[in-house]
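Printed here is my_file_26.cif (mmCIF, C-alpha atoms):
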```cif
data_work
#
loop_
_atom_site.label_atom_id
_atom_site.label_comp_id
_atom_site.auth_asym_id
_atom_site.auth_seq_id
_atom_site.Cartn_x
_atom_site.Cartn_y
_atom_site.Cartn_z
CA MET E 147 88.15 82.09 78.38
CA LYS E 148 88.19 80.16 75.08
CA SER E 149 91.36 79.80 73.03
CA GLN E 150 91.50 81.84 69.82
CA VAL E 151 93.22 80.48 66.69
CA LEU E 152 94.08 82.60 63.64
CA ILE E 153 93.91 80.59 60.37
CA VAL E 154 95.95 82.14 57.54
CA ASP E 155 95.32 80.41 54.17
CA ASP E 156 94.14 81.60 50.78
CA ASP E 157 92.16 78.40 50.11
CA PRO E 158 88.58 78.61 51.52
CA LEU E 159 88.31 74.82 51.67
CA ILE E 160 91.48 74.50 53.77
CA ARG E 161 90.26 77.29 56.07
CA ARG E 162 86.96 75.43 56.55
CA LEU E 163 88.70 72.15 57.38
CA VAL E 164 91.03 73.83 59.86
CA ARG E 165 88.07 75.77 61.33
CA ASP E 166 86.23 72.50 61.95
CA ALA E 167 89.27 71.11 63.79
CA VAL E 168 89.56 74.29 65.87
CA GLN E 169 85.88 74.26 66.82
CA SER E 170 86.11 70.58 67.79
CA LEU E 171 88.44 71.76 70.57
CA ASP E 172 85.84 74.35 71.71
CA ALA E 173 88.12 77.14 70.50
CA VAL E 174 87.32 80.24 68.44
CA ALA E 175 88.53 80.36 64.82
CA LEU E 176 89.55 83.65 63.15
CA GLU E 177 90.40 83.70 59.42
CA ALA E 178 92.68 85.63 57.07
CA ALA E 179 93.08 84.95 53.32
CA ASP E 180 96.43 86.69 52.81
CA GLY E 181 99.41 88.21 54.58
CA ALA E 182 97.96 91.71 54.87
CA ALA E 183 94.79 90.44 56.54
CA ALA E 184 96.90 88.24 58.84
CA ARG E 185 99.04 91.20 59.99
CA ALA E 186 95.91 93.26 60.64
CA ALA E 187 94.27 90.42 62.57
CA LEU E 188 97.38 89.74 64.65
CA GLY E 189 97.77 93.36 65.70
CA ALA E 190 100.51 94.78 67.89
CA ASP E 191 99.77 92.67 70.95
CA GLY E 192 98.70 89.34 69.47
CA MET E 193 95.04 90.19 70.35
CA GLY E 194 94.94 87.36 72.88
CA LEU E 195 95.60 84.62 70.34
CA SER E 196 96.50 81.15 71.54
CA CYS E 197 98.12 80.10 68.26
CA VAL E 198 98.33 80.70 64.49
CA VAL E 199 97.88 78.17 61.66
CA LEU E 200 99.90 79.54 58.71
CA ASP E 201 99.99 78.38 55.10
CA LEU E 202 103.35 79.11 53.46
CA GLY E 203 101.84 79.52 49.96
CA LEU E 204 100.14 82.93 50.31
CA PRO E 205 99.39 85.11 47.25
CA ASP E 206 100.83 88.45 48.45
CA VAL E 207 103.79 87.55 50.68
CA SER E 208 106.20 84.73 51.33
CA GLY E 209 104.84 82.52 54.11
CA ARG E 210 108.37 82.09 55.50
CA GLU E 211 108.85 85.85 55.66
CA LEU E 212 105.50 86.25 57.42
CA LEU E 213 106.53 83.50 59.85
CA ARG E 214 109.75 85.42 60.68
CA GLN E 215 107.75 88.61 61.23
CA PHE E 216 105.30 86.83 63.54
CA HIS E 217 108.15 85.30 65.53
CA GLN E 218 109.95 88.63 65.82
CA LEU E 219 106.85 90.48 67.06
CA HIS E 220 105.45 87.66 69.23
CA PRO E 221 108.22 85.14 69.99
CA ASP E 222 106.04 83.16 72.44
CA LEU E 223 103.06 82.77 70.10
CA PRO E 224 102.85 79.15 68.76
CA VAL E 225 102.67 78.95 64.95
CA ILE E 226 101.67 75.74 63.13
CA VAL E 227 102.92 75.73 59.53
CA LEU E 228 100.85 74.18 56.70
CA THR E 229 102.68 73.38 53.47
CA GLN E 230 102.91 70.90 50.65
CA GLU E 231 106.70 70.78 50.92
CA GLY E 232 107.74 67.64 52.71
CA SER E 233 111.54 67.77 52.70
CA VAL E 234 113.56 67.69 55.90
CA GLU E 235 115.31 70.91 54.84
CA ALA E 236 111.95 72.71 54.59
CA VAL E 237 110.92 71.50 58.05
CA VAL E 238 114.23 72.61 59.60
CA GLU E 239 114.00 76.01 57.91
CA CYS E 240 110.49 76.59 59.25
CA MET E 241 111.48 75.55 62.77
CA GLN E 242 114.48 77.87 62.69
CA ALA E 243 112.20 80.71 61.55
CA GLY E 244 110.02 80.25 64.62
CA ALA E 245 107.41 77.58 63.84
CA SER E 246 106.28 75.47 66.79
CA ASP E 247 104.92 72.60 64.65
CA TYR E 248 104.63 71.48 61.03
CA VAL E 249 101.67 69.79 59.27
CA HIS E 250 102.01 68.53 55.68
CA LYS E 251 99.19 68.97 53.14
CA PRO E 252 96.98 67.12 52.56
CA PHE E 253 96.83 66.84 56.32
CA ASP E 254 95.44 64.15 58.55
CA ARG E 255 92.59 65.48 60.71
CA THR E 256 93.87 63.71 63.84
CA ARG E 257 97.41 65.02 63.31
CA LEU E 258 96.16 68.59 62.88
CA THR E 259 93.85 68.36 65.92
CA THR E 260 96.70 67.08 68.10
CA ALA E 261 98.97 69.92 66.96
CA LEU E 262 96.20 72.46 67.63
CA ARG E 263 95.51 71.06 71.10
CA HIS E 264 99.18 71.30 72.11
CA ALA E 265 99.49 74.80 70.66
CA CYS E 266 96.34 76.04 72.41
CA GLU E 267 97.47 74.62 75.74
CA ALA E 268 100.83 76.36 75.31
CA GLY E 269 99.05 79.59 74.40
CA GLN E 270 96.80 79.42 77.46
CA LEU E 271 99.81 78.83 79.69
CA ARG E 272 101.48 81.84 78.07
CA ALA E 273 98.41 84.00 78.76
CA ARG E 274 98.28 82.78 82.36
CA LEU E 275 101.95 83.58 82.79
CA ARG E 276 101.33 87.12 81.49
CA GLN E 277 98.52 87.56 84.02
CA LEU E 278 100.65 86.31 86.91
CA THR E 279 103.59 88.46 85.82
CA ALA E 280 101.35 91.52 85.68
CA GLN E 281 99.99 90.69 89.14
CA VAL E 282 103.50 90.32 90.56
CA ARG E 283 104.51 93.64 89.04
CA ARG E 284 101.47 95.38 90.51
CA GLN E 285 102.30 93.99 93.95
CA SER E 286 106.07 94.48 93.89
CA GLY E 287 106.89 96.70 90.91
CA PHE E 288 107.00 100.46 90.55
CA ALA E 289 103.41 100.72 91.81
CA THR E 290 104.83 100.03 95.29
CA ILE E 291 107.00 103.16 95.16
CA ILE E 292 104.93 105.94 96.73
CA GLY E 293 105.62 109.49 95.63
CA ASP E 294 104.81 112.03 92.94
CA SER E 295 107.32 114.78 93.68
CA PRO E 296 109.73 115.86 90.89
CA PRO E 297 112.73 114.08 92.51
CA MET E 298 110.74 110.84 92.75
CA ARG E 299 109.45 111.07 89.20
CA ARG E 300 113.00 111.52 87.94
CA MET E 301 114.22 108.58 90.01
CA VAL E 302 111.42 106.24 88.92
CA ASN E 303 111.95 107.21 85.29
CA LEU E 304 115.62 106.19 85.58
CA LEU E 305 114.69 102.92 87.28
CA ARG E 306 112.15 102.08 84.56
CA LYS E 307 114.79 102.52 81.89
CA ALA E 308 117.28 100.43 83.86
CA ALA E 309 114.71 97.66 84.41
CA GLY E 310 114.33 97.18 80.67
CA GLY E 311 117.96 96.05 80.35
CA ASP E 312 120.23 93.88 82.41
CA VAL E 313 122.57 96.63 83.57
CA THR E 314 124.27 96.72 86.98
CA LEU E 315 122.78 99.41 89.23
CA LEU E 316 124.29 101.38 92.09
CA LEU E 317 121.65 102.97 94.35
CA ALA E 318 123.17 105.75 96.44
CA GLY E 319 121.54 107.80 99.17
CA GLU E 320 120.95 108.24 102.86
CA SER E 321 119.79 105.40 105.08
CA GLY E 322 116.06 104.84 105.08
CA THR E 323 115.37 106.24 101.60
CA GLY E 324 113.98 102.96 100.28
CA LYS E 325 116.87 101.48 98.33
CA GLU E 326 115.69 97.88 98.78
CA VAL E 327 112.14 98.82 97.74
CA ALA E 328 113.60 100.34 94.56
CA ALA E 329 115.75 97.26 93.92
CA ARG E 330 112.76 94.92 94.32
CA ALA E 331 110.73 97.10 91.94
CA VAL E 332 113.45 96.95 89.28
CA HIS E 333 113.60 93.16 89.63
CA ALA E 334 109.81 92.81 89.42
CA GLU E 335 109.67 94.95 86.26
CA SER E 336 112.60 93.21 84.55
CA GLU E 337 112.85 90.09 82.42
CA ARG E 338 114.27 88.35 85.51
CA CYS E 339 111.04 88.75 87.49
CA GLY E 340 110.45 85.00 87.37
CA GLY E 341 113.80 84.34 89.04
CA PRO E 342 114.83 84.80 92.68
CA PHE E 343 115.51 88.12 94.38
CA VAL E 344 118.24 87.64 97.00
CA ALA E 345 119.01 90.51 99.38
CA VAL E 346 122.27 90.64 101.34
CA ASN E 347 123.10 93.29 103.93
CA CYS E 348 126.87 93.41 103.69
CA GLY E 349 127.12 95.50 106.84
CA ALA E 350 125.10 93.13 109.03
CA ILE E 351 127.11 89.94 108.44
CA PRO E 352 130.28 89.39 110.54
CA ASP E 353 133.57 89.63 108.63
CA THR E 354 134.31 85.98 109.42
CA LEU E 355 131.13 84.84 107.67
CA ILE E 356 130.59 87.27 104.80
CA GLU E 357 132.83 85.42 102.31
CA SER E 358 131.02 82.13 102.87
CA GLU E 359 127.67 83.91 102.83
CA LEU E 360 128.29 85.46 99.43
CA PHE E 361 130.23 82.73 97.65
CA GLY E 362 129.39 79.53 99.57
CA HIS E 363 131.76 76.92 100.99
CA GLU E 364 132.72 73.28 100.64
CA ARG E 365 132.45 70.78 103.43
CA GLY E 366 135.44 71.03 105.77
CA ALA E 367 136.57 74.38 104.39
CA PHE E 368 136.76 75.77 107.94
CA THR E 369 135.79 74.84 111.47
CA GLY E 370 132.05 74.31 111.60
CA ALA E 371 131.65 73.74 107.84
CA HIS E 372 129.96 70.35 108.29
CA ALA E 373 128.24 70.43 104.90
CA THR E 374 128.64 72.05 101.50
CA ARG E 375 126.61 75.25 101.18
CA ARG E 376 125.71 77.42 98.22
CA GLY E 377 126.40 81.12 98.52
CA ARG E 378 123.97 83.95 97.85
CA PHE E 379 125.25 84.45 94.30
CA GLU E 380 124.42 80.85 93.43
CA GLU E 381 121.01 81.18 95.12
CA ALA E 382 120.31 84.22 92.94
CA HIS E 383 121.14 82.38 89.68
CA GLY E 384 118.66 83.46 87.01
CA GLY E 385 117.49 86.42 89.09
CA THR E 386 118.81 89.44 90.97
CA ILE E 387 121.16 89.85 93.92
CA PHE E 388 120.86 93.02 96.00
CA LEU E 389 124.05 93.96 97.84
CA ASP E 390 122.99 96.49 100.47
CA GLU E 391 125.68 98.59 102.18
CA VAL E 392 128.28 97.35 99.69
CA GLY E 393 130.71 99.97 101.00
CA GLU E 394 131.10 97.88 104.18
CA LEU E 395 132.91 95.04 102.36
CA ARG E 396 136.54 94.38 103.23
CA ILE E 397 139.11 95.19 100.56
CA ASP E 398 139.99 91.52 100.00
CA LEU E 399 136.33 90.65 99.46
CA GLN E 400 135.96 93.58 97.11
CA SER E 401 138.55 91.96 94.82
CA ARG E 402 136.56 88.70 94.84
CA LEU E 403 133.35 90.56 94.07
CA LEU E 404 135.10 92.32 91.20
CA ARG E 405 136.00 88.94 89.68
CA VAL E 406 132.39 87.77 89.95
CA LEU E 407 131.22 90.88 88.11
CA GLN E 408 133.87 90.51 85.43
CA GLU E 409 133.80 86.77 84.81
CA ARG E 410 130.31 85.82 86.07
CA VAL E 411 131.74 82.88 88.02
CA VAL E 412 132.04 82.16 91.75
CA GLN E 413 134.47 79.97 93.65
CA ARG E 414 133.29 78.55 96.95
CA VAL E 415 135.49 78.84 100.04
CA GLY E 416 137.66 75.73 100.16
CA GLY E 417 136.72 74.76 96.60
CA GLY E 418 138.73 74.81 93.40
CA ALA E 419 136.04 74.71 90.72
CA GLU E 420 134.54 77.90 89.33
CA ARG E 421 130.77 77.87 88.98
CA PRO E 422 129.00 80.09 86.42
CA VAL E 423 126.30 82.41 87.76
CA ASP E 424 123.73 84.36 85.78
CA VAL E 425 122.70 87.21 88.05
CA ARG E 426 121.88 90.87 87.86
CA VAL E 427 123.67 92.88 90.52
CA ILE E 428 122.04 95.85 92.24
CA ALA E 429 124.27 97.43 94.88
CA ALA E 430 123.38 100.10 97.41
CA THR E 431 125.31 102.36 99.74
CA ASN E 432 124.82 105.34 102.04
CA ARG E 433 128.52 106.18 101.81
CA ASP E 434 130.33 108.47 99.40
CA LEU E 435 132.25 105.75 97.58
CA LYS E 436 134.36 108.24 95.64
CA ALA E 437 135.58 109.67 98.93
CA GLU E 438 136.19 106.11 100.17
CA ILE E 439 138.33 105.48 97.09
CA GLY E 440 140.47 108.49 97.95
CA GLY E 441 140.93 107.18 101.49
CA GLY E 442 141.80 103.67 100.35
CA GLY E 443 138.60 102.11 101.71
CA PHE E 444 137.05 101.12 98.38
CA ARG E 445 138.49 99.81 95.14
CA GLU E 446 138.22 102.21 92.22
CA ASP E 447 137.87 99.40 89.65
CA LEU E 448 135.02 97.85 91.65
CA TYR E 449 133.28 101.21 91.91
CA TYR E 450 133.18 101.59 88.14
CA ARG E 451 131.94 98.01 87.75
CA LEU E 452 129.06 98.72 90.13
CA ALA E 453 128.27 102.27 89.00
CA VAL E 454 127.35 101.34 85.43
CA PHE E 455 123.94 102.90 86.07
CA PRO E 456 124.06 105.03 89.24
CA VAL E 457 120.78 106.30 90.71
CA GLU E 458 120.54 108.77 93.59
CA MET E 459 117.71 108.12 96.05
CA PRO E 460 116.16 111.45 97.15
CA PRO E 461 115.90 112.09 100.91
CA LEU E 462 112.44 112.58 102.36
CA ARG E 463 113.05 116.25 103.22
CA THR E 464 113.28 117.09 99.49
CA ARG E 465 110.09 115.30 98.46
CA GLY E 466 107.43 117.84 99.45
CA GLU E 467 103.91 116.43 99.64
CA ASP E 468 105.23 112.89 99.27
CA LEU E 469 105.53 113.05 103.05
CA PHE E 470 101.77 112.78 103.51
CA LEU E 471 101.30 110.24 100.73
CA LEU E 472 103.73 108.05 102.67
CA ALA E 473 102.16 108.96 106.01
CA GLU E 474 98.69 107.96 104.83
CA ALA E 475 100.03 104.66 103.48
CA CYS E 476 101.74 103.94 106.80
CA LEU E 477 98.63 104.91 108.72
CA ARG E 478 96.49 102.47 106.72
CA ARG E 479 98.95 99.65 107.33
CA PHE E 480 99.39 100.23 111.05
CA ARG E 481 95.76 100.84 111.92
CA GLU E 482 94.91 97.48 110.36
CA ARG E 483 97.78 95.82 112.20
CA TYR E 484 96.79 97.29 115.59
CA ARG E 485 93.02 97.40 114.93
CA LYS E 486 92.64 101.12 115.50
CA GLN E 487 90.00 103.45 114.03
CA ILE E 488 92.40 106.28 113.21
CA VAL E 489 91.40 108.29 110.14
CA GLY E 490 94.06 111.01 109.94
CA PHE E 491 96.07 113.65 111.79
CA THR E 492 95.19 116.73 113.80
CA ALA E 493 96.26 120.10 112.41
CA ARG E 494 99.04 120.44 115.02
CA ALA E 495 100.34 116.94 114.28
CA GLU E 496 100.40 117.69 110.55
CA SER E 497 102.34 120.89 111.21
CA ALA E 498 104.85 118.98 113.32
CA LEU E 499 105.35 116.35 110.61
CA ARG E 500 105.96 119.09 108.05
CA SER E 501 108.40 120.96 110.31
CA TYR E 502 110.64 117.97 111.01
CA THR E 503 113.54 117.29 108.61
CA TRP E 504 113.42 113.46 108.87
CA PRO E 505 117.12 112.56 109.05
CA GLY E 506 116.10 108.88 109.11
CA ASN E 507 113.93 109.37 106.01
CA VAL E 508 111.07 106.96 105.20
CA ARG E 509 112.20 104.37 107.74
CA GLU E 510 112.05 106.96 110.53
CA LEU E 511 108.61 108.11 109.36
CA GLU E 512 107.35 104.53 109.55
CA ASN E 513 108.73 104.09 113.06
CA VAL E 514 107.28 107.38 114.29
CA LEU E 515 103.83 106.59 112.91
CA GLU E 516 103.78 103.01 114.17
CA ARG E 517 104.51 104.29 117.67
CA ALA E 518 101.87 107.02 117.28
CA VAL E 519 99.19 104.54 116.21
CA ILE E 520 99.94 102.36 119.24
CA LEU E 521 99.76 105.33 121.64
CA GLU E 522 96.79 107.17 120.13
CA ASP E 523 93.38 106.60 121.72
CA GLY E 524 91.41 108.98 119.52
CA ASP E 525 90.43 108.90 115.88
CA ARG E 526 93.28 111.17 114.75
CA ILE E 527 97.01 111.17 115.45
CA SER E 528 97.58 114.03 117.89
CA LEU E 529 100.74 115.90 118.79
CA GLY E 530 101.03 114.04 122.08
CA SER E 531 101.41 110.71 120.26
CA LEU E 532 104.41 111.84 118.21
CA THR E 533 108.03 111.56 119.32
CA ASP E 534 109.84 114.35 121.13
CA ASP E 535 112.03 115.03 118.09
CA VAL E 536 109.01 115.74 115.89
CA VAL E 537 107.21 117.82 118.52
CA CYS E 538 110.35 119.84 119.17
CA ALA E 539 110.64 120.67 115.46
CA LEU E 540 107.20 122.30 115.60
CA GLU E 541 108.19 124.44 118.57
CA GLY E 542 111.41 125.61 116.94
CA GLY E 543 113.63 123.51 119.18
CA GLU E 544 114.74 120.75 116.82
CA GLY E 545 118.11 119.35 117.77
CA MET E 546 117.71 120.22 121.47
CA VAL E 547 115.70 117.20 122.48
CA GLY E 548 118.64 114.88 122.92
CA SER E 549 120.24 116.97 125.68
CA VAL E 550 117.16 117.24 127.86
CA ALA E 551 114.70 114.53 126.92
CA GLY E 552 116.55 112.00 129.03
CA ALA E 553 115.72 114.04 132.12
CA GLY E 554 112.06 114.16 131.15
CA LEU E 555 112.16 117.96 130.70
CA MET E 556 110.72 117.93 127.19
CA GLN E 557 108.05 115.31 127.74
CA ALA E 558 104.47 116.35 127.07
CA PRO E 559 102.32 115.12 129.98
CA ALA E 560 99.56 112.72 129.11
CA PRO E 561 96.04 114.19 129.12
CA ALA E 562 93.93 113.51 132.14
CA ALA E 563 91.06 111.07 131.82
CA GLY E 564 88.00 112.75 130.34
CA SER E 565 89.85 115.97 129.45
CA PRO E 566 89.10 117.63 126.08
CA ARG E 567 91.21 116.49 123.13
CA GLU E 568 93.44 118.67 121.03
CA GLY E 569 91.60 120.97 118.65
CA GLU E 570 88.47 121.24 120.86
CA ALA E 571 87.29 124.51 122.38
CA ALA E 572 88.65 123.73 125.84
CA ALA E 573 92.28 124.23 126.85
CA PRO E 574 94.73 121.95 125.03
CA ALA E 575 95.62 118.65 126.69
CA TRP E 576 99.35 119.08 126.05
CA HIS E 577 101.90 121.52 127.44
CA PRO E 578 103.99 123.51 124.95
CA VAL E 579 107.64 122.46 124.77
CA ARG E 580 109.86 125.18 126.27
CA PRO E 581 112.90 126.46 124.36
CA PHE E 582 116.17 125.12 125.69
CA ALA E 583 117.42 128.50 127.02
CA GLU E 584 114.22 129.01 129.01
CA GLU E 585 114.37 125.50 130.45
CA GLU E 586 118.03 125.99 131.38
CA ARG E 587 117.26 129.24 133.25
CA ARG E 588 114.42 127.55 135.13
CA ILE E 589 116.67 124.68 136.28
CA ILE E 590 119.46 127.06 137.41
CA ARG E 591 116.97 129.33 139.22
CA ASN E 592 115.42 126.39 141.07
CA ALA E 593 118.86 125.15 142.02
CA LEU E 594 119.88 128.56 143.47
CA VAL E 595 116.65 128.88 145.42
CA ALA E 596 117.18 125.43 146.91
#
```
Written form, structure tokens:
Amino acid sequence: MKSQVLIVDDDPLIRRLVRDAVQSLDAVALEAADGAAARAALGADGMGLSCVVLDLGLPDVSGRELLRQFHQLHPDLPVIVLTQEGSVEAVVECMQAGASDYVHKPFDRTRLTTALRHACEAGQLRARLRQLTAQVRRQSGFATIIGDSPPMRRMVNLLRKAAGGDVTLLLAGESGTGKEVAARAVHAESERCGGPFVAVNCGAIPDTLIESELFGHERGAFTGAHATRRGRFEEAHGGTIFLDEVGELRIDLQSRLLRVLQERVVQRVGGGAERPVDVRVIAATNRDLKAEIGGGGFREDLYYRLAVFPVEMPPLRTRGEDLFLLAEACLRRFRERYRKQIVGFTARAESALRSYTWPGNVRELENVLERAVILEDGDRISLGSLTDDVVCALEGGEGMVGSVAGAGLMQAPAPAAGSPREGEAAAPAWHPVRPFAEEERRIIRNALVA
């Protein structure tokens, strides 16, 4: 795509000379004779311009004021200033107002062409960066969050507002509700999207290593520290750090984290110097941190530092039809991974999925469907391919599986080779799961007879 240059000058001869220089670079020249025409041509989004050539001596508005307006609306848009003023003070003033270059009238054609070439190259790089940023956001932004239920719309609306600032977030909710997915989406939609996203599971790192993992260490700080190592906060400099399961941190480490949040500096283990870090912190927990504060397990001052913008992640059981939006997305992913031709679910399998309360939330749904795709031989996920917990929910026996499944009492036998599949006119290929009381009576009766 060709570069576009907006020429703003009230002198037709100057516009023609600048137009010739623009066209010599195989770029497109657009013209405006005054400030009003320039504002209209620029538009709200810069209309894909690569740069602007602006004369400061316009008839209807101060060129310097127009330059400030351009810079305020489009701070990345290169502006080349044309003027007859040649003082150093005038040049400095224009640069401070947002000009990217300065050409004195009467201008040298070579000097103007060089300035235009540099400005157009910068404008093309800016446009390419916008395209890449938009692509990243489509792949990892809010478009990756699946769900259209009222709880999800409310949550995404909060996250969108938080992404526009640099506020610290606390994502609370049950395990498996997608807290890391939400954190990555906020990062991708924020001004920090070009920086790193560093995720740390505070509950998965041993207590002896977590301090070094977060804050880094100097060589010789402890046994095995053979080299200096940056911590996760330093690795996240310029981006976002995601502290998952932050409620698992020891009290002494909570005080160190509090200092990082307050002062924006880290001190490596075994080191004396404090190192500045520019990071956005997103923390997550499945614990009730206010209850932990009451029990002495979490610092109150740290809680209020983290909960600047708290967001509650809704559990899957409250999300209605989001269940099948997620199920279809999982099905597409797993059938490609395992090269299956599965197109959906049988009616009985759908009923079972609806009946189950999903205590493990989205993560459990993914696990159940991955297993089902591996087991299923037909073109639809059938009841026999689902886990005992899900099947038992359909039969009204949810919560009873754990006590009997280990003995094989609740297992649905596999269909015989060549037997009709579920939903066909012949007898079903699975055996209904018996209620616990009935199964208990059968076992006792068989034992007495024996």
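One distance worth recording is that between atom CA of Ala367 of chain E and atom CA of Gly349 of chain E, which is 23.3 Å.
With only C-alpha atoms as the atoms that count, the minimum distance from Ile356 of chain E to the choices E:His372, E:Arg402, E:Arg463, E:Lys325 is reached by E:Arg402.
Distance annotation: of E:Gly203, E:Gly416, E:Pro352, E:Gly269, the residue with the minimal separation from Pro224 of chain E is E:Gly269; atom set is all atoms listed in the file.
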Exercise for review: Run the PyMOL selection byres ((chain E and resi 208-222) around 8) against the file shown and list the residues it catches, as an MDAnalysis selection string.
Suggested key: chainID E and resid 181 190:192 200:207 223:225 240 243:245 272
Practice item. Give me, please, the distance in Å between atom CA of Arg500 of chain E and atom CA of Asn432 of chain E, quoted to one decimal. Key: 24.1 Å
Exercise for review: On this file, the PyMOL selection byres ((chain E and resi 351) around 12) gives some set of residues; write that set as a list of chain:residue names.
Suggested key: E:Val346, E:Asn347, E:Cys348, E:Gly349, E:Ala350, E:Pro352, E:Asp353, E:Thr354, E:Leu355, E:Ile356, E:Glu357, E:Ser358, E:Glu359, E:Leu360, E:Leu389, E:Asp390, E:Glu391, E:Val392, E:Glu394, E:Leu395, E:Arg396
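The residue that comes closest to Thr259 of chain E, out of E:Arg165, E:Arg378, E:Arg517, E:Arg483 and on the basis of all atoms listed in the file, is E:Arg165.
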Residue contacts of Thr256 of chain E (9 Å, all atoms listed in the file) excluding same-chain residues fewer than 4 positions away, as a PDB file with C-alpha atoms, keeping the file's coordinate frame:
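Output file selection.pdb follows:
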```pdb
ATOM      1  CA  ALA E 167      89.270  71.110  63.790  1.00  0.00           C
ATOM      2  CA  THR E 260      96.700  67.080  68.100  1.00  0.00           C
ATOM      3  CA  ALA E 261      98.970  69.920  66.960  1.00  0.00           C
TER       4      ALA E 261
END
```
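From atom CA of Glu458 of chain E back to atom CA of Ala475 of chain E, the distance works out to 23.1 Å.
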Practice item. Would you list the residues near (100.9, 101.8, 108.9) (no more than 10 Å away, in the coordinates of the file, using only C-alpha atoms) as number ranges by chain? Key: E: 472-484, 511-513, 515-519
Practice item. Name the residues in contact with Thr314 of chain E at a cut-off of 10 Å, using all atoms listed in the file, excluding same-chain residues fewer than 5 positions from it; report them as a PyMOL selection string. Key: chain E and resi 308-309+386+407+425-429+451-456
Exercise for review: Given the file shown, determine the residues that the PyMOL selection byres ((chain E and resi 343) around 7) selects; report them as JSON, numbers by chain.
Suggested key: {"E": [341, 342, 344, 345, 382, 385, 386, 387]}
Practice item. Find the residues around Leu532 of chain E up to 12 Å (only C-alpha atoms counted), leave out those fewer than 4 positions away in its own chain, and share them as a ChimeraX atom specification. Key: /E:491-492,494-499,502,510-522,526-528,536-540,557-558,560,576
Output as a PDB file, keeping the file's coordinate frame: segment 384-395 of chain E, completed with N, CA and C atoms.
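Writing the result to out_38.pdb gives the following:
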```pdb
ATOM      1  N   GLY E 384     119.858  83.238  87.812  1.00  0.00           N
ATOM      2  CA  GLY E 384     118.660  83.460  87.010  1.00  0.00           C
ATOM      3  C   GLY E 384     117.837  84.644  87.469  1.00  0.00           C
ATOM      4  N   GLY E 385     118.250  85.296  88.556  1.00  0.00           N
ATOM      5  CA  GLY E 385     117.490  86.420  89.090  1.00  0.00           C
ATOM      6  C   GLY E 385     118.382  87.607  89.408  1.00  0.00           C
ATOM      7  N   THR E 386     118.123  88.216  90.568  1.00  0.00           N
ATOM      8  CA  THR E 386     118.810  89.440  90.970  1.00  0.00           C
ATOM      9  C   THR E 386     119.371  89.291  92.367  1.00  0.00           C
ATOM     10  N   ILE E 387     120.598  89.779  92.570  1.00  0.00           N
ATOM     11  CA  ILE E 387     121.160  89.850  93.920  1.00  0.00           C
ATOM     12  C   ILE E 387     121.303  91.317  94.297  1.00  0.00           C
ATOM     13  N   PHE E 388     120.825  91.647  95.486  1.00  0.00           N
ATOM     14  CA  PHE E 388     120.860  93.020  96.000  1.00  0.00           C
ATOM     15  C   PHE E 388     121.900  93.091  97.109  1.00  0.00           C
ATOM     16  N   LEU E 389     122.975  93.820  96.868  1.00  0.00           N
ATOM     17  CA  LEU E 389     124.050  93.960  97.840  1.00  0.00           C
ATOM     18  C   LEU E 389     123.893  95.297  98.554  1.00  0.00           C
ATOM     19  N   ASP E 390     123.217  95.270  99.686  1.00  0.00           N
ATOM     20  CA  ASP E 390     122.990  96.490 100.470  1.00  0.00           C
ATOM     21  C   ASP E 390     124.244  96.815 101.279  1.00  0.00           C
ATOM     22  N   GLU E 391     124.504  98.111 101.444  1.00  0.00           N
ATOM     23  CA  GLU E 391     125.680  98.590 102.180  1.00  0.00           C
ATOM     24  C   GLU E 391     126.964  97.932 101.637  1.00  0.00           C
ATOM     25  N   VAL E 392     127.119  97.981 100.317  1.00  0.00           N
ATOM     26  CA  VAL E 392     128.280  97.350  99.690  1.00  0.00           C
ATOM     27  C   VAL E 392     129.582  98.018 100.097  1.00  0.00           C
ATOM     28  N   GLY E 393     129.514  99.264 100.547  1.00  0.00           N
ATOM     29  CA  GLY E 393     130.710  99.970 101.000  1.00  0.00           C
ATOM     30  C   GLY E 393     131.311  99.393 102.260  1.00  0.00           C
ATOM     31  N   GLU E 394     130.596  98.490 102.947  1.00  0.00           N
ATOM     32  CA  GLU E 394     131.100  97.880 104.180  1.00  0.00           C
ATOM     33  C   GLU E 394     132.005  96.678 103.915  1.00  0.00           C
ATOM     34  N   LEU E 395     132.093  96.226 102.669  1.00  0.00           N
ATOM     35  CA  LEU E 395     132.910  95.040 102.360  1.00  0.00           C
ATOM     36  C   LEU E 395     134.392  95.308 102.580  1.00  0.00           C
TER      37      LEU E 395
END
```
